[in-house]
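Listing of input-v7.cif, mmCIF, C-alpha atoms and all ligand atoms
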data_query
loop_
_atom_site.group_PDB
_atom_site.id
_atom_site.type_symbol
_atom_site.label_atom_id
_atom_site.label_comp_id
_atom_site.auth_asym_id
_atom_site.auth_seq_id
_atom_site.Cartn_x
_atom_site.Cartn_y
_atom_site.Cartn_z
ATOM 1 C CA MET A 49 0.000 0.000 0.000
ATOM 2 C CA SER A 50 1.392 3.412 -0.956
ATOM 3 C CA SER A 51 1.714 6.158 1.644
ATOM 4 C CA LEU A 52 -1.110 8.040 -0.076
ATOM 5 C CA GLU A 53 -3.356 4.981 0.150
ATOM 6 C CA ARG A 54 -2.448 4.475 3.779
ATOM 7 C CA TYR A 55 -3.167 8.135 4.496
ATOM 8 C CA SER A 56 -6.535 7.921 2.724
ATOM 9 C CA THR A 57 -7.418 4.642 4.445
ATOM 10 C CA ASN A 58 -6.756 6.098 7.880
ATOM 11 C CA ARG A 59 -8.699 9.267 7.158
ATOM 12 C CA VAL A 60 -11.687 7.423 5.727
ATOM 13 C CA ARG A 61 -11.633 4.947 8.608
ATOM 14 C CA ARG A 62 -11.707 7.818 11.116
ATOM 15 C CA LEU A 63 -14.489 9.479 9.164
ATOM 16 C CA ILE A 64 -16.626 6.337 9.168
ATOM 17 C CA GLY A 65 -15.857 5.848 12.852
ATOM 18 C CA SER A 66 -17.196 9.327 13.568
ATOM 19 C CA LEU A 67 -20.539 8.421 11.937
ATOM 20 C CA ASN A 68 -20.701 4.827 13.095
ATOM 21 C CA SER A 69 -22.077 5.551 16.537
ATOM 22 C CA ILE A 70 -25.588 5.394 17.797
ATOM 23 C CA ARG A 71 -27.155 8.212 19.828
ATOM 24 C CA PHE A 72 -30.117 7.657 22.072
ATOM 25 C CA LYS A 73 -32.044 10.867 22.675
ATOM 26 C CA ASP A 74 -34.139 9.744 25.602
ATOM 27 C CA ASP A 75 -35.928 13.048 26.169
ATOM 28 C CA THR A 76 -37.603 12.854 22.745
ATOM 29 C CA ALA A 77 -37.381 9.043 22.399
ATOM 30 C CA GLU A 78 -35.412 9.265 19.157
ATOM 31 C CA VAL A 79 -32.456 7.254 17.956
ATOM 32 C CA GLU A 80 -29.882 8.722 15.602
ATOM 33 C CA TYR A 81 -27.425 6.676 13.584
ATOM 34 C CA PHE A 82 -25.247 7.710 10.700
ATOM 35 C CA GLY A 83 -26.639 11.229 10.905
ATOM 36 C CA GLN A 84 -30.161 9.935 10.345
ATOM 37 C CA GLN A 85 -33.146 9.267 12.530
ATOM 38 C CA VAL A 86 -33.648 5.540 12.729
ATOM 39 C CA VAL A 87 -35.981 3.084 14.403
ATOM 40 C CA ILE A 88 -34.818 -0.179 15.877
ATOM 41 C CA LEU A 89 -36.683 -3.069 14.380
ATOM 42 C CA GLY A 90 -36.197 -6.779 14.978
ATOM 43 C CA ARG A 91 -35.235 -8.923 11.999
ATOM 44 C CA ASP A 92 -38.412 -10.886 12.626
ATOM 45 C CA ALA A 93 -40.510 -7.765 12.123
ATOM 46 C CA PHE A 94 -38.811 -7.145 8.792
ATOM 47 C CA THR A 95 -39.450 -10.743 7.732
ATOM 48 C CA LEU A 96 -43.080 -10.435 8.763
ATOM 49 C CA ILE A 97 -43.535 -7.237 6.711
ATOM 50 C CA ARG A 98 -41.845 -8.880 3.733
ATOM 51 C CA ASP A 99 -43.996 -12.006 3.952
ATOM 52 C CA GLU A 100 -47.189 -9.938 4.173
ATOM 53 C CA LEU A 101 -46.088 -7.784 1.221
ATOM 54 C CA THR A 102 -45.485 -10.957 -0.777
ATOM 55 C CA ARG A 103 -48.890 -12.315 0.184
ATOM 56 C CA VAL A 104 -50.640 -9.098 -0.851
ATOM 57 C CA THR A 105 -48.582 -7.865 -3.802
ATOM 58 C CA GLY A 106 -46.657 -10.937 -4.965
ATOM 59 C CA GLY A 107 -43.854 -9.955 -7.305
ATOM 60 C CA ALA A 108 -43.947 -6.275 -6.373
ATOM 61 C CA THR A 109 -42.282 -7.026 -3.015
ATOM 62 C CA LYS A 110 -38.795 -7.037 -4.498
ATOM 63 C CA VAL A 111 -39.396 -3.744 -6.261
ATOM 64 C CA ILE A 112 -40.711 -2.094 -3.085
ATOM 65 C CA LEU A 113 -37.885 -3.406 -0.886
ATOM 66 C CA GLY A 114 -35.356 -2.511 -3.582
ATOM 67 C CA ILE A 115 -36.576 1.092 -3.669
ATOM 68 C CA ALA A 116 -36.435 1.294 0.135
ATOM 69 C CA GLY A 117 -32.898 -0.130 0.203
ATOM 70 C CA HIS A 118 -31.814 2.204 -2.579
ATOM 71 C CA THR A 119 -33.058 5.216 -0.611
ATOM 72 C CA VAL A 120 -31.236 4.115 2.543
ATOM 73 C CA GLY A 121 -28.008 3.457 0.604
ATOM 74 C CA LYS A 122 -28.178 6.870 -1.055
ATOM 75 C CA GLU A 123 -28.763 8.604 2.280
ATOM 76 C CA GLU A 124 -25.815 6.825 3.816
ATOM 77 C CA GLY A 125 -23.636 7.759 0.834
ATOM 78 C CA ARG A 126 -24.762 11.353 1.201
ATOM 79 C CA ALA A 127 -23.864 11.370 4.917
ATOM 80 C CA LEU A 128 -20.425 9.966 4.102
ATOM 81 C CA LEU A 129 -19.790 12.474 1.333
ATOM 82 C CA ALA A 130 -20.845 15.373 3.551
ATOM 83 C CA LYS A 131 -18.334 14.231 6.184
ATOM 84 C CA ALA A 132 -15.667 13.572 3.570
ATOM 85 C CA LYS A 133 -15.341 17.230 2.661
ATOM 86 C CA ALA A 134 -12.258 17.245 4.855
ATOM 87 C CA PRO A 135 -9.083 17.615 2.782
ATOM 88 C CA GLY A 136 -7.329 14.459 1.697
ATOM 89 C CA VAL A 137 -10.429 12.275 1.396
ATOM 90 C CA ARG A 138 -12.086 13.337 -1.837
ATOM 91 C CA LEU A 139 -9.026 12.800 -3.957
ATOM 92 C CA PRO A 140 -9.996 10.762 -7.011
ATOM 93 C CA GLN A 141 -7.250 8.292 -6.068
ATOM 94 C CA SER A 142 -8.918 7.555 -2.751
ATOM 95 C CA LEU A 143 -12.289 6.611 -4.271
ATOM 96 C CA PRO A 144 -11.594 2.835 -4.327
ATOM 97 C CA VAL A 145 -10.459 2.994 -0.680
ATOM 98 C CA PHE A 146 -13.448 5.116 0.201
ATOM 99 C CA LEU A 147 -15.872 2.693 -1.456
ATOM 100 C CA ARG A 148 -14.299 -0.367 0.086
ATOM 101 C CA LEU A 149 -14.357 1.017 3.617
ATOM 102 C CA ALA A 150 -17.828 2.509 3.191
ATOM 103 C CA VAL A 151 -19.272 -0.849 2.125
ATOM 104 C CA GLU A 152 -17.171 -3.155 4.309
ATOM 105 C CA GLU A 153 -16.802 -1.177 7.517
ATOM 106 C CA THR A 154 -20.084 0.607 8.073
ATOM 107 C CA ASN A 155 -22.203 -1.609 10.240
ATOM 108 C CA MET A 156 -25.878 -1.148 9.464
ATOM 109 C CA GLY A 157 -26.703 -4.648 10.694
ATOM 110 C CA TYR A 158 -27.302 -5.927 7.147
ATOM 111 C CA GLY A 159 -24.519 -8.533 7.205
ATOM 112 C CA LYS A 160 -20.789 -8.606 6.479
ATOM 113 C CA ALA A 161 -20.079 -7.308 2.984
ATOM 114 C CA LYS A 162 -16.837 -7.668 1.068
ATOM 115 C CA ILE A 163 -15.953 -6.118 -2.269
ATOM 116 C CA GLU A 164 -14.413 -8.992 -4.233
ATOM 117 C CA ASP A 165 -13.409 -6.839 -7.172
ATOM 118 C CA PHE A 166 -14.196 -3.430 -8.555
ATOM 119 C CA SER A 167 -13.198 -2.339 -12.011
ATOM 120 C CA THR A 168 -13.305 1.431 -12.370
ATOM 121 C CA GLU A 169 -12.756 0.950 -16.115
ATOM 122 C CA SER A 170 -15.782 -1.226 -16.839
ATOM 123 C CA GLY A 171 -17.727 -0.013 -13.816
ATOM 124 C CA THR A 172 -18.538 -3.507 -12.573
ATOM 125 C CA VAL A 173 -18.320 -4.664 -8.994
ATOM 126 C CA ASN A 174 -18.743 -8.022 -7.280
ATOM 127 C CA ILE A 175 -19.727 -8.039 -3.625
ATOM 128 C CA SER A 176 -20.102 -11.017 -1.316
ATOM 129 C CA LEU A 177 -22.220 -10.958 1.810
ATOM 130 C CA SER A 178 -22.184 -13.337 4.731
ATOM 131 C CA ASN A 179 -24.813 -13.321 7.481
ATOM 132 C CA GLY A 180 -27.225 -11.298 5.316
ATOM 133 C CA PHE A 181 -30.183 -10.146 7.407
ATOM 134 C CA GLU A 182 -32.705 -11.023 4.675
ATOM 135 C CA VAL A 183 -31.619 -14.643 4.441
ATOM 136 C CA ASP A 184 -34.315 -16.982 5.629
ATOM 137 C CA PRO A 185 -32.595 -19.577 7.804
ATOM 138 C CA TYR A 186 -35.637 -21.865 7.989
ATOM 139 C CA ARG A 187 -36.859 -22.083 4.396
ATOM 140 C CA HIS A 188 -34.992 -22.720 1.205
ATOM 141 C CA THR A 189 -36.257 -20.564 -1.632
ATOM 142 C CA LEU A 190 -35.923 -20.896 -5.394
ATOM 143 C CA LYS A 191 -35.056 -17.237 -5.890
ATOM 144 C CA PRO A 192 -32.695 -14.828 -4.090
ATOM 145 C CA THR A 193 -34.336 -13.022 -1.165
ATOM 146 C CA CYS A 194 -32.026 -10.082 -0.430
ATOM 147 C CA ALA A 195 -33.825 -7.340 -2.384
ATOM 148 C CA PHE A 196 -33.389 -4.607 0.227
ATOM 149 C CA THR A 197 -29.645 -5.286 0.447
ATOM 150 C CA LEU A 198 -29.315 -5.229 -3.351
ATOM 151 C CA GLY A 199 -31.074 -1.847 -3.456
ATOM 152 C CA TYR A 200 -28.909 -0.575 -0.618
ATOM 153 C CA LEU A 201 -25.683 -1.529 -2.445
ATOM 154 C CA GLU A 202 -26.932 0.036 -5.691
ATOM 155 C CA GLY A 203 -27.829 3.205 -3.777
ATOM 156 C CA ILE A 204 -24.559 3.646 -1.918
ATOM 157 C CA PHE A 205 -22.459 2.940 -5.024
ATOM 158 C CA SER A 206 -24.550 5.320 -7.136
ATOM 159 C CA GLN A 207 -24.191 8.078 -4.564
ATOM 160 C CA LEU A 208 -20.464 7.650 -3.945
ATOM 161 C CA VAL A 209 -19.419 7.170 -7.571
ATOM 162 C CA GLY A 210 -21.887 9.698 -8.992
ATOM 163 C CA ARG A 211 -23.212 7.255 -11.637
ATOM 164 C CA ASP A 212 -26.299 5.051 -11.572
ATOM 165 C CA PHE A 213 -25.542 1.454 -10.600
ATOM 166 C CA GLU A 214 -27.884 -1.468 -11.077
ATOM 167 C CA GLY A 215 -27.363 -5.124 -10.465
ATOM 168 C CA LYS A 216 -28.642 -8.444 -9.301
ATOM 169 C CA GLU A 217 -28.104 -11.004 -6.614
ATOM 170 C CA VAL A 218 -26.376 -13.847 -8.431
ATOM 171 C CA GLU A 219 -26.085 -16.232 -5.476
ATOM 172 C CA CYS A 220 -28.133 -16.312 -2.290
ATOM 173 C CA LYS A 221 -27.842 -18.317 0.911
ATOM 174 C CA SER A 222 -31.632 -18.576 0.995
ATOM 175 C CA LYS A 223 -31.393 -20.758 -2.143
ATOM 176 C CA GLY A 224 -28.762 -22.979 -0.554
ATOM 177 C CA ASP A 225 -25.686 -21.186 -1.946
ATOM 178 C CA ALA A 226 -22.697 -20.797 0.390
ATOM 179 C CA GLY A 227 -23.397 -17.074 0.750
ATOM 180 C CA CYS A 228 -24.955 -14.142 -1.067
ATOM 181 C CA LYS A 229 -23.244 -12.530 -4.054
ATOM 182 C CA PHE A 230 -24.190 -9.343 -5.838
ATOM 183 C CA ARG A 231 -23.003 -8.089 -9.206
ATOM 184 C CA LEU A 232 -23.438 -4.380 -9.951
ATOM 185 C CA ALA A 233 -22.646 -2.380 -13.046
ATOM 186 C CA ILE A 234 -22.976 1.214 -14.135
ATOM 187 C CA ARG A 235 -26.292 1.550 -15.914
ATOM 188 C CA SER A 236 -25.747 2.168 -19.596
ATOM 189 C CA GLU A 237 -27.292 5.248 -21.190
ATOM 190 C CA SER A 238 -29.478 3.083 -23.423
ATOM 191 C CA ASN A 239 -31.089 1.421 -20.375
ATOM 192 C CA ALA A 240 -31.459 4.624 -18.396
ATOM 193 C CA GLY A 241 -34.244 5.984 -20.569
ATOM 194 C CA THR A 242 -32.819 9.485 -20.415
ATOM 195 C CA SER A 243 -31.393 11.508 -23.233
ATOM 196 C CA PRO A 244 -27.614 12.061 -23.108
ATOM 197 C CA LYS A 245 -26.623 15.311 -21.439
HETATM 198 ZN ZN ZN B 1 -29.244 -13.390 -0.332
#
Please express the file's structure as structure tokens.
Amino acid sequence: MSSLERYSTNRVRRLIGSLNSIRFKDDTAEVEYFGQQVVILGRDAFTLIRDELTRVTGGATKVILGIAGHTVGKEEGRALLAKAKAPGVRLPQSLPVFLRLAVEETNMGYGKAKIEDFSTESGTVNISLSNGFEVDPYRHTLKPTCAFTLGYLEGIFSQLVGRDFEGKEVECKSKGDAGCKFRLAIRSESNAGTSPK
């Protein structure tokens, strides 16, 4: 690791550490985490909401959870970028370090993520996740279940890189795979449905 990389890594790590703490405001009964107001919800409650959504809407569940995850990922990316205005962090060279630490070292309780590879040239990224919170430990499914996490990863990458990312969950522990794996790529202009700027 070069001295610049080491410098960036330490700065980004400190920056994430400064956000990665939970504040209980007992007088107003609010909880703040990562600069946002949050509520503490058991995994079981999330599963129950997901199951009910599936019962009522069927296939729309993934879309709804994906949008929610995307929003949360974008907000987290925004909080990180706001903090990162300190000198030495927003260097273009430190972006890979920034992304890696943002995804691997922020603990939102979603599971342990690892960036397996990230090509800035092609804009593709492979992420593995162990202990994903959306994995159903009791039922094996035919399809991947981690739609919120997929949306979250798309959101945080889109926000931090400044390009729209989209992807899919290519392996999922809920299906019996060893773990969950996500593949993201920068959305091409032709898929975006917007005219070139
Ligand atoms: Zn999964």
Worksheet item: Restricting the calculation to all atoms listed in the file, which member of A:Thr119, A:Gln84, A:Ser222, A:Asn179 is positioned closest to Leu201 in chain A?
Response: A:Thr119
Discussion item. Just want the residues within 10 Å of ligand ZN 1 (chain B), written as an MDAnalysis selection string, counting all atoms listed in the file.
Written reply: chainID A and resid 176:184 191:198 217:230
Item to complete: Return the single residue from A:Gly203, A:Glu214, A:Leu208, A:Glu164 that is closest to Ala116 in chain A, with distances computed using all atoms listed in the file.
Response: A:Gly203
Worksheet entry | Explicit residue set for the PyMOL selection byres (((chain A and resi 88-96) around 12) and not hetatm), as number ranges by chain | A: 70, 72, 77-81, 85-87, 97-103, 109, 113, 156-159, 180-186, 193-194, 196
Prev. selection, C-alpha atoms, output as a CSV table (one decimal), in the frame of the given file:
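again_6.csv was written with the following content:
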chain,number,residue,atom,x,y,z
A,70,ILE,CA,-25.6,5.4,17.8
A,72,PHE,CA,-30.1,7.7,22.1
A,77,ALA,CA,-37.4,9.0,22.4
A,78,GLU,CA,-35.4,9.3,19.2
A,79,VAL,CA,-32.5,7.3,18.0
A,80,GLU,CA,-29.9,8.7,15.6
A,81,TYR,CA,-27.4,6.7,13.6
A,85,GLN,CA,-33.1,9.3,12.5
A,86,VAL,CA,-33.6,5.5,12.7
A,87,VAL,CA,-36.0,3.1,14.4
A,97,ILE,CA,-43.5,-7.2,6.7
A,98,ARG,CA,-41.8,-8.9,3.7
A,99,ASP,CA,-44.0,-12.0,4.0
A,100,GLU,CA,-47.2,-9.9,4.2
A,101,LEU,CA,-46.1,-7.8,1.2
A,102,THR,CA,-45.5,-11.0,-0.8
A,103,ARG,CA,-48.9,-12.3,0.2
A,109,THR,CA,-42.3,-7.0,-3.0
A,113,LEU,CA,-37.9,-3.4,-0.9
A,156,MET,CA,-25.9,-1.1,9.5
A,157,GLY,CA,-26.7,-4.6,10.7
A,158,TYR,CA,-27.3,-5.9,7.1
A,159,GLY,CA,-24.5,-8.5,7.2
A,180,GLY,CA,-27.2,-11.3,5.3
A,181,PHE,CA,-30.2,-10.1,7.4
A,182,GLU,CA,-32.7,-11.0,4.7
A,183,VAL,CA,-31.6,-14.6,4.4
A,184,ASP,CA,-34.3,-17.0,5.6
A,185,PRO,CA,-32.6,-19.6,7.8
A,186,TYR,CA,-35.6,-21.9,8.0
A,193,THR,CA,-34.3,-13.0,-1.2
A,194,CYS,CA,-32.0,-10.1,-0.4
A,196,PHE,CA,-33.4,-4.6,0.2
Response to the item:
Closest of A:Val209, A:Val120, A:Val104, A:Leu147 to Phe82 in chain A, counting all atoms listed in the file, is A:Val120
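For the set A:Gly83, A:Gly125, A:Gly171, A:Gly215, the residue with the smallest atom-to-atom gap to Ile234 in chain A is A:Gly171, counting all atoms listed in the file.
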Worksheet item: Between A:Arg59, A:Arg235, A:Arg71, A:Arg54, which one has atoms that come closest to Ser170 in chain A, using all atoms listed in the file?
Response: A:Arg235
